[in-house]
Amino acid sequence: MSVISSYTPRRGRNVELVLLIAAVAIVMLAYVNVGLATSGTVPPALLALGGGYLGVAVAFHLVLRWRASYADPLMLPIVTLLNGLGLVMLHRLDLASDRSITEGVALRQLMWSALAVAIAAVVLVLLRDHRILRRYTYLAGAIGFFLLVLPLFPVIGTSIYGSRIWIQIGPFSFQPGELAKIALAIFFAGYLVQTRDALSVAGRKVLGLTLPRARDLGPILVAWLASLAVLVFERDLGSSLLFFGLFVAMLYVATERVSWIAIGLTLFGIGAYTAYLIFGHVQTRVLLWLDTFSPEALAASDQLAKGLMGMASGGMFGTGLGRGRPDITYFAESDFIIPSFGEEIGLIGLFAIVVLYGLLVERGLRTSLGTRDGFGKLLAAGLSFSLALQCFVVVGGVTRVIPLTGLTMPFLSSGGSSLLANWTLVAILLRISDHARRPLPEASGPSPVAEARTEVVKVR
Amino acid sequence: MLSEITLTLMRLGLLVLLWVFVFAVVGVLRGDLYGTRVKRRTAGAGKAARSAPAGVAPRPVARAANPERGGGRSGRAGRGRKGPTRLVVTAGPLSGTTLPLRPAGTLIGRSPECALVLDDDYVSGRHARIFQSDGGTWTVEDLRSTNGTFLGATRLTEPREVAVGSVLRIGQTVVELQR
């Protein structure tokens with residue numbers, strides 16, 4: 001015997017504010033810790049920087065109160081903490097390589113953070129309802145593919161360290177693949193909401209798996225070929241994996257068919273093995289992954305080995321911020337920021353960070369469960385899955401679970417495009433969660449439509 | 001030396017604070033894992049209540065016969081104004097479940113968006129709806145379900161008025177409207 005009453009959601013805005021202050025306090029403690037450990041003094045700009053960061057976060061919080069008061073109260077504090085920890089680590093790496101604060105990575109990252117928060121707030125204010133995005137399904141798809149292939153264009157595309165995933169316009173370099181992630185998630189969600197019935201109902205059963213009809217395989221083959229093209233022409237394993245994984249996961253969420261995952265993994269396996277046989281740079285990656293400490297691998301690159309050694313020297317509790325040597329690894333501030341953290345705050349601290357990402361993804365998936373429209377469900381699931389997959393690819397890459405690929409850790413790594421894209425992603429998730437948690441309006445009396453007289457309405 | 005101790009304390013304090021933050025977040029989301037609040041009664045009360053629906057059914061009849069409000073007619077009218085307030089599942093897997101009726105409408109079906117979610121192959125995604133129509137009367141409407149909604153023994157073909165004591169059958173589930 002039980003009584004079911006519908007759950008009245010709490011807005012949780014006050015909880016959010018408290019957690020937000022706690023997050024900024026943790027970031028400030030880490031900043032003081034770096035200052036004391038490296039120069040023995042409390043950094044002079046502590047209050048200004050801490051206050052500024054708190055101000056930015058609280059401003060976003062106020063936008064939430066204003067425009068999305070039922071939005072999830074946990075996403076913003078988690079993201080604020082991750083972004084702040086990334087800033088502290090970048091500052092610490094600046095100190096290690098003797099970059100002054102004006103030419104360092106940290107200040108640039110701080111400005112990008114403020115810009116990213118501002119853009120996220122604008123997205124939240126302008127996007128009153130996420131279902132508007134569904135109208136732009138095919139436009140989003142076109143933009144997504146355009147952004148993916150943008151680095152291949154001759155003048156603006158530049159090849160940095162073998163991967164052609166950057167565009168350079170004047171002094172600004174940008175990684176359009178990060179934004180493509182959001183555009184493609186919108187496209188896939190809009191497309192699959194229309195076609196999922198055909199993709200999930202038809203088919204015959206073989207060995208317990210319901211296989212789709214051959215003609216329904218079209219979309220997955222197109223996505224597969226496109227991701228292979230990214231792999232071949234841009235030489236970027238990470239984006240290719242992220243893009244294809246996102247499509248397969250959303251296909252699975254839309255159709256509830258395990259066979260799509262089996263088909264996706266098989267196609268991915270075939271593609272990856274073929275790429276391994278054909279391309280030298282893929283072979284190098286695999287060699288570095290399987291046999292990191294062999295002489296041949298060390299001759300190719302000792303980056304992964306150095307990262308592993310850094311994490312090993314950190315041990316369980318870490319050397320303490322400012323006390324390790326994470327700067328020895330190349331790209332300690334972007335691809336290898338996870339080993340930097342592993343070295344200085346140890347396994348315990350690193351796991352706290354990983355759990356924070358897990359909680360962020362959980363909030364996204366919870367939003368997806370809670371929201372009532374199919375498009376919102378798919379979009380929230382797709383966006384949070386892309387975040388999860390990106391974390392898996394980065395952390396798995398630096399810990400030798402999978403071959404190392406060049407993706408950035410969301411919110412932690414240095415890089416403006418990544419920050420912009422991920423804050424926007426969180427803004428969209430917040431908008432959907434506001435929609436999901438807002439109680440249904442209780443209609444009182446007959447609706448005004450029933451009483452209104454029929455009128456002739458002039459269309460345009 | 002002092003600074004070494006300070007640094008160690010800060011280093012460990014940072015780790016502790018990080019985990020405190022994680023657990024604070026987990027504590028907040030714990031209350032949000034389920035969309036509906038299910039209040040279970042104790043075993044003894046449950047047993048007593050389980051027999052209640054059988055005893056509840058004749059109550060409207062007894063009330064109607066009771067001339068305390070000046071005759072059966074006005075009694076029935078008074079009941080119509082007050083109407084049922086909750087839905088009780090009297091048979092089926094969710095037997096014993098109670099949920100409040102909302103004037104805007106209570107959806108019954110297999111889809112998770114429904115107020116009463118029935119996990120039953122004979123139930124359609126959006127199976128039936130109980131709502132208060134303009135005059136304050138409660139109405140049940142079959143939302144073109146595959147296997148139909150039964151009011152008593154008749155299958156619904158159009159929205160029908162219901163009152164306290166009306167029994168609906170949806171798939172393997174029987175629900176009753178109660179005050």
# chains A, B, ... in the order shown; residues from 1 in each chain; ligands from 1
>>> select_by_dssp(residues="segment 191-388 of chain A", states="strand (DSSP E or B)", output="MDAnalysis selection string")
chainID A and resid 204:206 209:211
>>> residues_around(residues="segment 141-157 of chain B", least_positions_apart="5", cutoff="7 Å", atoms="only C-alpha atoms", output="number ranges by chain")
B: 122-124, 126-130, 167-170
>>> atom_distance(atom1="atom CA of Phe131 of chain B", atom2="atom CA of Glu158 of chain B")
13.7 Å
>>> residues_around(residues="Gly396 of chain A", least_positions_apart="6", cutoff="12 Å", atoms="only C-alpha atoms", output="JSON, numbers by chain")
{"A": [238, 289, 304, 308, 335, 336, 338, 339, 354, 388, 389, 390, 402, 403, 404, 405, 406, 407, 409]}
>>> closest_residue(among="B:Gly27, B:Pro84, B:Pro103, B:Gly92", to="chain A", atoms="only C-alpha atoms")
B:Pro103
>>> closest_residue(among="A:Leu133, A:Leu378, A:Leu321, A:Leu237", to="chain B", atoms="only C-alpha atoms")
A:Leu321
>>> closest_residue(among="B:Leu87, B:Leu99, B:Ile5, B:Ala24", to="chain A", atoms="only C-alpha atoms")
B:Leu99
>>> closest_residue(among="A:Phe375, A:Phe174, A:Tyr330, A:Tyr357", to="chain B", atoms="only C-alpha atoms")
A:Tyr357
>>> residues_around(residues="segment 252-262 of chain A", least_positions_apart="5", cutoff="9 Å", atoms="only C-alpha atoms", output="PyMOL selection string")
chain A and resi 189+192-193+196-197+199-201+209-212+220+247+267+374+377-378+381-382
>>> write_last_selection(atoms="all heavy atoms", output="short mmCIF file (atom, residue, chain, number, x, y, z; two decimals), in the first residue's frame")
data_model
loop_
_atom_site.label_atom_id
_atom_site.label_comp_id
_atom_site.auth_asym_id
_atom_site.auth_seq_id
_atom_site.Cartn_x
_atom_site.Cartn_y
_atom_site.Cartn_z
N ALA A 189 19.56 14.99 -32.77
CA ALA A 189 18.34 14.91 -31.97
C ALA A 189 17.12 15.21 -32.83
O ALA A 189 16.13 14.47 -32.80
CB ALA A 189 18.42 15.89 -30.80
N LEU A 192 16.68 12.28 -35.44
CA LEU A 192 16.27 10.98 -34.90
C LEU A 192 14.86 11.03 -34.33
O LEU A 192 14.16 10.02 -34.33
CB LEU A 192 17.27 10.53 -33.83
CG LEU A 192 18.61 10.10 -34.39
CD1 LEU A 192 19.59 9.85 -33.27
CD2 LEU A 192 18.45 8.85 -35.22
N VAL A 193 14.44 12.19 -33.82
CA VAL A 193 13.09 12.28 -33.29
C VAL A 193 12.08 12.05 -34.41
O VAL A 193 11.01 11.48 -34.21
CB VAL A 193 12.92 13.65 -32.61
CG1 VAL A 193 11.70 14.37 -33.09
CG2 VAL A 193 12.83 13.47 -31.12
N ARG A 196 12.95 7.94 -35.78
CA ARG A 196 13.27 6.81 -34.92
C ARG A 196 12.27 5.67 -35.04
O ARG A 196 12.63 4.52 -34.82
CB ARG A 196 13.40 7.25 -33.48
CG ARG A 196 12.14 7.80 -32.87
CD ARG A 196 12.38 7.93 -31.40
NE ARG A 196 11.52 8.90 -30.78
CZ ARG A 196 11.73 9.34 -29.55
NH1 ARG A 196 12.77 8.92 -28.88
NH2 ARG A 196 10.91 10.20 -29.01
N ASP A 197 11.02 5.97 -35.41
CA ASP A 197 10.06 4.90 -35.52
C ASP A 197 10.47 3.91 -36.60
O ASP A 197 10.46 2.70 -36.39
CB ASP A 197 8.67 5.46 -35.82
CG ASP A 197 8.12 6.19 -34.61
OD1 ASP A 197 8.65 5.92 -33.51
OD2 ASP A 197 7.22 7.02 -34.76
N LEU A 199 13.43 3.48 -37.67
CA LEU A 199 14.69 2.84 -37.31
C LEU A 199 14.50 1.80 -36.23
O LEU A 199 15.32 0.92 -36.06
CB LEU A 199 15.70 3.89 -36.84
CG LEU A 199 16.16 4.89 -37.90
CD1 LEU A 199 17.11 5.89 -37.29
CD2 LEU A 199 16.84 4.17 -39.03
N SER A 200 13.43 1.92 -35.41
CA SER A 200 13.34 1.01 -34.28
C SER A 200 12.33 -0.10 -34.49
O SER A 200 12.43 -1.14 -33.87
CB SER A 200 12.98 1.79 -33.01
OG SER A 200 11.67 2.28 -33.12
N VAL A 201 11.36 0.07 -35.38
CA VAL A 201 10.30 -0.95 -35.47
C VAL A 201 10.65 -2.02 -36.48
O VAL A 201 10.56 -3.21 -36.19
CB VAL A 201 8.96 -0.27 -35.80
CG1 VAL A 201 7.91 -1.33 -36.05
CG2 VAL A 201 8.53 0.61 -34.65
N LEU A 209 19.23 -10.46 -31.51
CA LEU A 209 19.39 -9.03 -31.84
C LEU A 209 18.41 -8.69 -32.96
O LEU A 209 18.33 -9.41 -33.94
CB LEU A 209 20.80 -8.76 -32.34
CG LEU A 209 21.89 -8.47 -31.33
CD1 LEU A 209 23.18 -8.21 -32.05
CD2 LEU A 209 21.51 -7.28 -30.48
N THR A 210 17.67 -7.62 -32.79
CA THR A 210 16.80 -7.19 -33.87
C THR A 210 17.60 -6.31 -34.81
O THR A 210 17.96 -5.19 -34.49
CB THR A 210 15.61 -6.40 -33.31
OG1 THR A 210 15.18 -7.05 -32.13
CG2 THR A 210 14.49 -6.36 -34.30
N LEU A 211 17.91 -6.87 -35.97
CA LEU A 211 18.73 -6.12 -36.92
C LEU A 211 17.85 -5.20 -37.74
O LEU A 211 16.74 -5.57 -38.11
CB LEU A 211 19.47 -7.09 -37.84
CG LEU A 211 20.56 -7.92 -37.16
CD1 LEU A 211 21.20 -8.86 -38.15
CD2 LEU A 211 21.61 -7.02 -36.54
N PRO A 212 18.33 -4.00 -38.04
CA PRO A 212 17.54 -3.08 -38.87
C PRO A 212 17.55 -3.52 -40.33
O PRO A 212 18.38 -4.32 -40.74
CB PRO A 212 18.27 -1.76 -38.69
CG PRO A 212 19.64 -2.13 -38.34
CD PRO A 212 19.59 -3.43 -37.61
N ILE A 220 23.64 5.68 -40.49
CA ILE A 220 24.81 5.29 -39.70
C ILE A 220 26.02 5.15 -40.62
O ILE A 220 27.15 5.47 -40.24
CB ILE A 220 24.53 4.01 -38.87
CG1 ILE A 220 25.56 3.88 -37.77
CG2 ILE A 220 24.49 2.78 -39.72
CD1 ILE A 220 25.26 2.81 -36.77
N PHE A 247 26.91 9.86 -32.38
CA PHE A 247 25.81 9.43 -33.24
C PHE A 247 25.27 8.07 -32.81
O PHE A 247 24.06 7.88 -32.69
CB PHE A 247 26.28 9.38 -34.70
CG PHE A 247 25.17 9.03 -35.64
CD1 PHE A 247 24.17 9.94 -35.91
CD2 PHE A 247 25.11 7.78 -36.23
CE1 PHE A 247 23.14 9.62 -36.75
CE2 PHE A 247 24.08 7.45 -37.07
CZ PHE A 247 23.08 8.37 -37.34
N LEU A 267 31.43 -1.37 -37.01
CA LEU A 267 31.90 -0.42 -38.03
C LEU A 267 33.12 0.32 -37.53
O LEU A 267 34.10 0.51 -38.25
CB LEU A 267 30.78 0.58 -38.36
CG LEU A 267 29.65 0.08 -39.24
CD1 LEU A 267 28.60 1.16 -39.38
CD2 LEU A 267 30.20 -0.30 -40.60
N GLY A 374 10.39 14.59 -26.78
CA GLY A 374 11.38 13.67 -27.30
C GLY A 374 12.66 14.36 -27.77
O GLY A 374 13.76 13.87 -27.55
N LYS A 377 14.76 15.30 -24.76
CA LYS A 377 15.36 14.09 -24.20
C LYS A 377 16.62 13.70 -24.97
O LYS A 377 17.68 13.48 -24.40
CB LYS A 377 14.38 12.93 -24.31
CG LYS A 377 13.52 12.69 -23.10
CD LYS A 377 12.67 11.47 -23.34
CE LYS A 377 11.47 11.47 -22.42
NZ LYS A 377 11.81 11.52 -21.03
N LEU A 378 16.47 13.64 -26.30
CA LEU A 378 17.60 13.21 -27.12
C LEU A 378 18.75 14.21 -27.06
O LEU A 378 19.91 13.83 -26.97
CB LEU A 378 17.15 13.05 -28.57
CG LEU A 378 16.50 11.73 -28.89
CD1 LEU A 378 15.99 11.73 -30.31
CD2 LEU A 378 17.51 10.62 -28.71
N ALA A 381 20.47 14.00 -23.65
CA ALA A 381 21.25 12.76 -23.57
C ALA A 381 22.49 12.86 -24.45
O ALA A 381 23.59 12.47 -24.04
CB ALA A 381 20.39 11.57 -23.99
N GLY A 382 22.32 13.42 -25.66
CA GLY A 382 23.45 13.52 -26.57
C GLY A 382 24.53 14.45 -26.04
O GLY A 382 25.71 14.12 -26.06
#
>>> residues_around(residues="Ser239 of chain A", least_positions_apart="4", cutoff="10 Å", atoms="only C-alpha atoms", output="ChimeraX atom specification")
/A:148,165,177-178,180-181,227,230-231,234-235,243-245,390,393,405-407
>>> write_last_selection(atoms="N, CA and C atoms", output="PDB file, in the first residue's frame")
ATOM      1  N   LEU A 148      33.168  21.053 -39.035  1.00  0.00           N
ATOM      2  CA  LEU A 148      34.086  19.915 -39.003  1.00  0.00           C
ATOM      3  C   LEU A 148      35.112  19.989 -40.126  1.00  0.00           C
ATOM      4  N   ILE A 165      43.174  20.496 -37.145  1.00  0.00           N
ATOM      5  CA  ILE A 165      41.875  20.766 -36.546  1.00  0.00           C
ATOM      6  C   ILE A 165      41.755  22.213 -36.099  1.00  0.00           C
ATOM      7  N   GLY A 177      35.931  22.160 -34.167  1.00  0.00           N
ATOM      8  CA  GLY A 177      35.331  20.871 -33.849  1.00  0.00           C
ATOM      9  C   GLY A 177      34.549  20.878 -32.551  1.00  0.00           C
ATOM     10  N   GLU A 178      34.981  21.729 -31.605  1.00  0.00           N
ATOM     11  CA  GLU A 178      34.302  21.788 -30.317  1.00  0.00           C
ATOM     12  C   GLU A 178      32.869  22.286 -30.464  1.00  0.00           C
ATOM     13  N   ALA A 180      31.232  22.193 -33.261  1.00  0.00           N
ATOM     14  CA  ALA A 180      30.538  21.237 -34.122  1.00  0.00           C
ATOM     15  C   ALA A 180      29.815  20.190 -33.282  1.00  0.00           C
ATOM     16  N   LYS A 181      30.403  19.865 -32.148  1.00  0.00           N
ATOM     17  CA  LYS A 181      29.815  18.887 -31.240  1.00  0.00           C
ATOM     18  C   LYS A 181      28.375  19.267 -30.876  1.00  0.00           C
ATOM     19  N   SER A 227      32.979  10.363 -40.242  1.00  0.00           N
ATOM     20  CA  SER A 227      33.965  10.332 -39.163  1.00  0.00           C
ATOM     21  C   SER A 227      35.285   9.758 -39.659  1.00  0.00           C
ATOM     22  N   VAL A 230      37.071  12.557 -41.343  1.00  0.00           N
ATOM     23  CA  VAL A 230      37.745  13.414 -40.370  1.00  0.00           C
ATOM     24  C   VAL A 230      39.057  12.774 -39.943  1.00  0.00           C
ATOM     25  N   LEU A 231      39.000  11.458 -39.720  1.00  0.00           N
ATOM     26  CA  LEU A 231      40.198  10.747 -39.265  1.00  0.00           C
ATOM     27  C   LEU A 231      41.299  10.811 -40.310  1.00  0.00           C
ATOM     28  N   GLU A 234      41.912  15.054 -41.457  1.00  0.00           N
ATOM     29  CA  GLU A 234      42.364  15.966 -40.404  1.00  0.00           C
ATOM     30  C   GLU A 234      43.317  15.273 -39.435  1.00  0.00           C
ATOM     31  N   ARG A 235      43.454  13.987 -39.603  1.00  0.00           N
ATOM     32  CA  ARG A 235      44.346  13.181 -38.758  1.00  0.00           C
ATOM     33  C   ARG A 235      44.018  13.362 -37.289  1.00  0.00           C
ATOM     34  N   PHE A 243      32.634  12.146 -32.565  1.00  0.00           N
ATOM     35  CA  PHE A 243      31.546  12.384 -33.488  1.00  0.00           C
ATOM     36  C   PHE A 243      30.765  11.100 -33.762  1.00  0.00           C
ATOM     37  N   PHE A 244      31.477  10.025 -34.040  1.00  0.00           N
ATOM     38  CA  PHE A 244      30.797   8.769 -34.347  1.00  0.00           C
ATOM     39  C   PHE A 244      30.143   8.180 -33.087  1.00  0.00           C
ATOM     40  N   GLY A 245      30.846   8.262 -31.958  1.00  0.00           N
ATOM     41  CA  GLY A 245      30.292   7.752 -30.700  1.00  0.00           C
ATOM     42  C   GLY A 245      29.021   8.485 -30.326  1.00  0.00           C
ATOM     43  N   GLN A 390      34.029  12.507 -24.134  1.00  0.00           N
ATOM     44  CA  GLN A 390      35.239  13.327 -24.232  1.00  0.00           C
ATOM     45  C   GLN A 390      36.144  13.100 -23.018  1.00  0.00           C
ATOM     46  N   VAL A 393      37.756   9.709 -23.352  1.00  0.00           N
ATOM     47  CA  VAL A 393      38.822   9.662 -24.345  1.00  0.00           C
ATOM     48  C   VAL A 393      40.090  10.336 -23.791  1.00  0.00           C
ATOM     49  N   THR A 405      44.634  10.419 -27.880  1.00  0.00           N
ATOM     50  CA  THR A 405      44.125  11.230 -28.985  1.00  0.00           C
ATOM     51  C   THR A 405      44.127  12.679 -28.535  1.00  0.00           C
ATOM     52  N   GLY A 406      44.066  13.575 -29.490  1.00  0.00           N
ATOM     53  CA  GLY A 406      44.164  14.977 -29.104  1.00  0.00           C
ATOM     54  C   GLY A 406      42.816  15.614 -28.843  1.00  0.00           C
ATOM     55  N   LEU A 407      42.243  15.386 -27.660  1.00  0.00           N
ATOM     56  CA  LEU A 407      41.038  16.108 -27.283  1.00  0.00           C
ATOM     57  C   LEU A 407      41.357  16.880 -26.018  1.00  0.00           C
TER      58      LEU A 407
END
>>> residues_around(residues="segment 10-15 of chain B", least_positions_apart="2", cutoff="6 Å", atoms="only C-alpha atoms", output="tab-separated table (two decimals) with all heavy atoms, in the first residue's frame")
chain	number	residue	atom	x	y	z
A	320	GLY	N	51.30	17.97	-3.74
A	320	GLY	CA	50.83	19.29	-3.31
A	320	GLY	C	50.95	20.26	-4.46
A	320	GLY	O	51.90	20.16	-5.26
A	349	GLY	N	42.66	13.30	-5.17
A	349	GLY	CA	42.14	14.53	-5.76
A	349	GLY	C	41.66	14.31	-7.18
A	349	GLY	O	40.62	14.84	-7.59
B	7	LEU	N	51.78	23.99	4.60
B	7	LEU	CA	51.56	23.49	3.24
B	7	LEU	C	50.92	22.11	3.26
B	7	LEU	O	50.01	21.83	2.48
B	7	LEU	CB	52.89	23.45	2.50
B	7	LEU	CG	53.33	24.76	1.88
B	7	LEU	CD1	54.67	24.59	1.18
B	7	LEU	CD2	52.29	25.25	0.89
B	8	THR	N	51.42	21.24	4.15
B	8	THR	CA	50.85	19.90	4.23
B	8	THR	C	49.38	19.98	4.62
B	8	THR	O	48.53	19.30	4.02
B	8	THR	CB	51.61	19.07	5.26
B	8	THR	OG1	52.99	19.16	4.96
B	8	THR	CG2	51.17	17.62	5.22
B	17	LEU	N	38.36	19.15	1.26
B	17	LEU	CA	37.30	20.06	0.80
B	17	LEU	C	36.72	19.61	-0.54
B	17	LEU	O	35.51	19.69	-0.76
B	17	LEU	CB	37.85	21.48	0.68
B	17	LEU	CG	37.90	22.25	1.98
B	17	LEU	CD1	38.45	23.64	1.74
B	17	LEU	CD2	36.51	22.35	2.60
B	18	LEU	N	37.59	19.11	-1.43
B	18	LEU	CA	37.10	18.63	-2.72
B	18	LEU	C	36.08	17.53	-2.51
B	18	LEU	O	35.01	17.51	-3.11
B	18	LEU	CB	38.26	18.11	-3.57
B	18	LEU	CG	38.98	19.09	-4.47
B	18	LEU	CD1	40.13	18.40	-5.16
B	18	LEU	CD2	38.03	19.66	-5.50
>>> atom_distance(atom1="atom CA of Pro112 of chain B", atom2="atom CA of Gly370 of chain A")
9.2 Å
>>> residues_around(residues="segment 417-422 of chain A", least_positions_apart="5", cutoff="9 Å", atoms="only C-alpha atoms", output="list in words")
Asn83, Gln109, Trp112, Ser113, Leu115, Ala116, Val117, Ile119, Ala120, Ser173, Phe174, Gln175, Pro176, Gly177, Glu178, Leu179, Ala180, Lys181, Ile182, Leu387, Thr408, Met409, Pro410, Phe411, Leu412 and Ala427 of chain A
>>> closest_residue(among="A:Ser39, A:Thr319, A:Thr137, A:Thr284", to="Phe188 of chain A", atoms="only C-alpha atoms")
A:Thr137
>>> select_by_dssp(residues="segment 200-416 of chain A", states="alpha helix (DSSP H)", output="PyMOL selection string")
chain A and resi 200-201+218-233+237-255+258-278+280-290+295-300+303-314+337-370+374-398+416
>>> write_last_selection(atoms="C-alpha atoms", output="compact mmCIF listing (two decimals), in the first residue's frame")
# COMPACT_ATOMS: atom_id res chain seq x y z
CA SER A 200 13.34 1.01 -34.28
CA VAL A 201 10.30 -0.95 -35.47
CA GLY A 218 21.96 4.67 -44.50
CA PRO A 219 22.36 7.31 -41.77
CA ILE A 220 24.81 5.29 -39.70
CA LEU A 221 26.91 4.59 -42.79
CA VAL A 222 26.96 8.27 -43.67
CA ALA A 223 28.03 9.18 -40.13
CA TRP A 224 30.65 6.48 -40.25
CA LEU A 225 32.09 7.65 -43.54
CA ALA A 226 32.12 11.27 -42.34
CA SER A 227 33.97 10.33 -39.16
CA LEU A 228 36.45 8.29 -41.20
CA ALA A 229 36.96 11.31 -43.44
CA VAL A 230 37.74 13.41 -40.37
CA LEU A 231 40.20 10.75 -39.26
CA VAL A 232 41.91 10.54 -42.64
CA PHE A 233 42.04 14.18 -43.73
CA LEU A 237 41.36 10.42 -33.98
CA GLY A 238 39.69 12.16 -31.04
CA SER A 239 37.15 14.23 -32.97
CA SER A 240 36.37 11.30 -35.21
CA LEU A 241 35.72 9.03 -32.24
CA LEU A 242 33.67 11.67 -30.44
CA PHE A 243 31.55 12.38 -33.49
CA PHE A 244 30.80 8.77 -34.35
CA GLY A 245 30.29 7.75 -30.70
CA LEU A 246 27.82 10.60 -30.25
CA PHE A 247 25.81 9.43 -33.24
CA VAL A 248 25.71 5.78 -32.16
CA ALA A 249 24.77 6.68 -28.58
CA MET A 250 21.94 8.95 -29.71
CA LEU A 251 20.73 6.30 -32.12
CA TYR A 252 20.62 3.86 -29.22
CA VAL A 253 18.80 6.33 -26.96
CA ALA A 254 16.28 7.08 -29.71
CA THR A 255 15.51 3.50 -30.70
CA VAL A 258 21.16 -2.77 -28.73
CA SER A 259 21.81 -3.83 -32.30
CA TRP A 260 22.75 -0.25 -33.23
CA ILE A 261 25.54 -0.33 -30.66
CA ALA A 262 26.73 -3.68 -32.01
CA ILE A 263 26.65 -2.34 -35.57
CA GLY A 264 28.37 0.89 -34.49
CA LEU A 265 31.14 -0.89 -32.62
CA THR A 266 31.68 -3.28 -35.53
CA LEU A 267 31.90 -0.42 -38.03
CA PHE A 268 34.19 1.48 -35.69
CA GLY A 269 36.40 -1.61 -35.28
CA ILE A 270 36.63 -2.10 -39.05
CA GLY A 271 37.40 1.60 -39.57
CA ALA A 272 39.98 1.76 -36.82
CA TYR A 273 41.75 -1.41 -37.97
CA THR A 274 41.85 -0.22 -41.57
CA ALA A 275 43.22 3.12 -40.45
CA TYR A 276 45.82 1.28 -38.40
CA LEU A 277 46.94 -0.72 -41.43
CA ILE A 278 47.10 2.27 -43.76
CA GLY A 280 51.64 5.66 -40.13
CA HIS A 281 50.49 8.12 -37.49
CA VAL A 282 47.83 5.72 -36.25
CA GLN A 283 50.46 2.98 -35.97
CA THR A 284 52.63 5.32 -33.91
CA ARG A 285 49.72 6.05 -31.61
CA VAL A 286 49.06 2.35 -31.10
CA LEU A 287 52.72 1.66 -30.46
CA LEU A 288 52.80 4.46 -27.85
CA TRP A 289 49.70 3.00 -26.26
CA LEU A 290 50.67 -0.67 -26.09
CA PRO A 295 62.90 2.27 -26.99
CA GLU A 296 61.04 2.69 -30.30
CA ALA A 297 58.09 4.33 -28.57
CA LEU A 298 60.30 6.60 -26.48
CA ALA A 299 62.14 7.62 -29.61
CA ALA A 300 58.83 8.63 -31.19
CA GLN A 303 55.15 12.50 -23.63
CA LEU A 304 52.87 9.71 -22.46
CA ALA A 305 55.68 8.11 -20.47
CA LYS A 306 56.45 11.41 -18.76
CA GLY A 307 52.81 11.91 -17.93
CA LEU A 308 52.60 8.45 -16.40
CA MET A 309 55.77 9.05 -14.41
CA GLY A 310 54.35 12.32 -13.17
CA MET A 311 51.20 10.65 -11.94
CA ALA A 312 53.28 7.90 -10.34
CA SER A 313 55.37 10.44 -8.44
CA GLY A 314 52.18 12.07 -7.21
CA ILE A 337 46.30 18.55 -17.69
CA ILE A 338 44.97 15.38 -16.08
CA PRO A 339 48.49 14.03 -15.36
CA SER A 340 49.36 17.50 -14.01
CA PHE A 341 46.50 17.23 -11.55
CA GLY A 342 47.33 13.60 -10.83
CA GLU A 343 50.86 14.60 -9.89
CA GLU A 344 49.95 17.50 -7.64
CA ILE A 345 46.73 16.45 -5.94
CA GLY A 346 47.24 12.71 -6.22
CA LEU A 347 44.89 9.88 -6.95
CA ILE A 348 42.43 11.05 -4.29
CA GLY A 349 42.14 14.53 -5.76
CA LEU A 350 42.05 13.25 -9.33
CA PHE A 351 39.21 10.95 -8.45
CA ALA A 352 37.31 13.85 -6.91
CA ILE A 353 37.63 15.60 -10.29
CA VAL A 354 36.52 12.49 -12.19
CA VAL A 355 33.54 12.11 -9.85
CA LEU A 356 32.64 15.76 -10.47
CA TYR A 357 32.53 15.05 -14.20
CA GLY A 358 30.46 11.96 -13.48
CA LEU A 359 28.00 14.03 -11.45
CA LEU A 360 27.78 16.63 -14.20
CA VAL A 361 26.97 13.93 -16.74
CA GLU A 362 24.47 12.40 -14.30
CA ARG A 363 22.66 15.72 -14.03
CA GLY A 364 22.52 15.89 -17.82
CA LEU A 365 21.09 12.39 -18.12
CA ARG A 366 18.64 13.08 -15.28
CA THR A 367 17.50 16.12 -17.22
CA SER A 368 17.03 13.90 -20.24
CA LEU A 369 14.89 11.49 -18.21
CA GLY A 370 12.86 14.27 -16.68
CA GLY A 374 11.38 13.67 -27.30
CA PHE A 375 13.68 16.25 -28.86
CA GLY A 376 14.76 17.60 -25.46
CA LYS A 377 15.36 14.09 -24.20
CA LEU A 378 17.60 13.21 -27.12
CA LEU A 379 19.44 16.53 -27.07
CA ALA A 380 20.16 16.39 -23.33
CA ALA A 381 21.25 12.76 -23.57
CA GLY A 382 23.45 13.52 -26.57
CA LEU A 383 25.11 16.57 -25.02
CA SER A 384 25.84 14.82 -21.74
CA PHE A 385 27.06 11.73 -23.53
CA SER A 386 29.44 13.81 -25.63
CA LEU A 387 30.81 15.31 -22.42
CA ALA A 388 31.22 11.85 -20.90
CA LEU A 389 32.84 10.40 -24.01
CA GLN A 390 35.24 13.33 -24.23
CA CYS A 391 36.32 12.81 -20.61
CA PHE A 392 36.72 9.09 -21.25
CA VAL A 393 38.82 9.66 -24.35
CA VAL A 394 41.10 12.18 -22.58
CA VAL A 395 41.51 10.37 -19.25
CA GLY A 396 41.67 6.99 -20.99
CA GLY A 397 44.31 8.36 -23.35
CA VAL A 398 46.67 9.66 -20.67
CA GLY A 416 39.20 29.25 -25.61
>>> atom_distance(atom1="atom CA of Gly315 of chain A", atom2="atom CA of Gly84 of chain A")
23.1 Å
>>> closest_residue(among="A:Ala114, A:Ala185, A:Leu49, A:Leu82", to="chain B", atoms="only C-alpha atoms")
A:Leu82
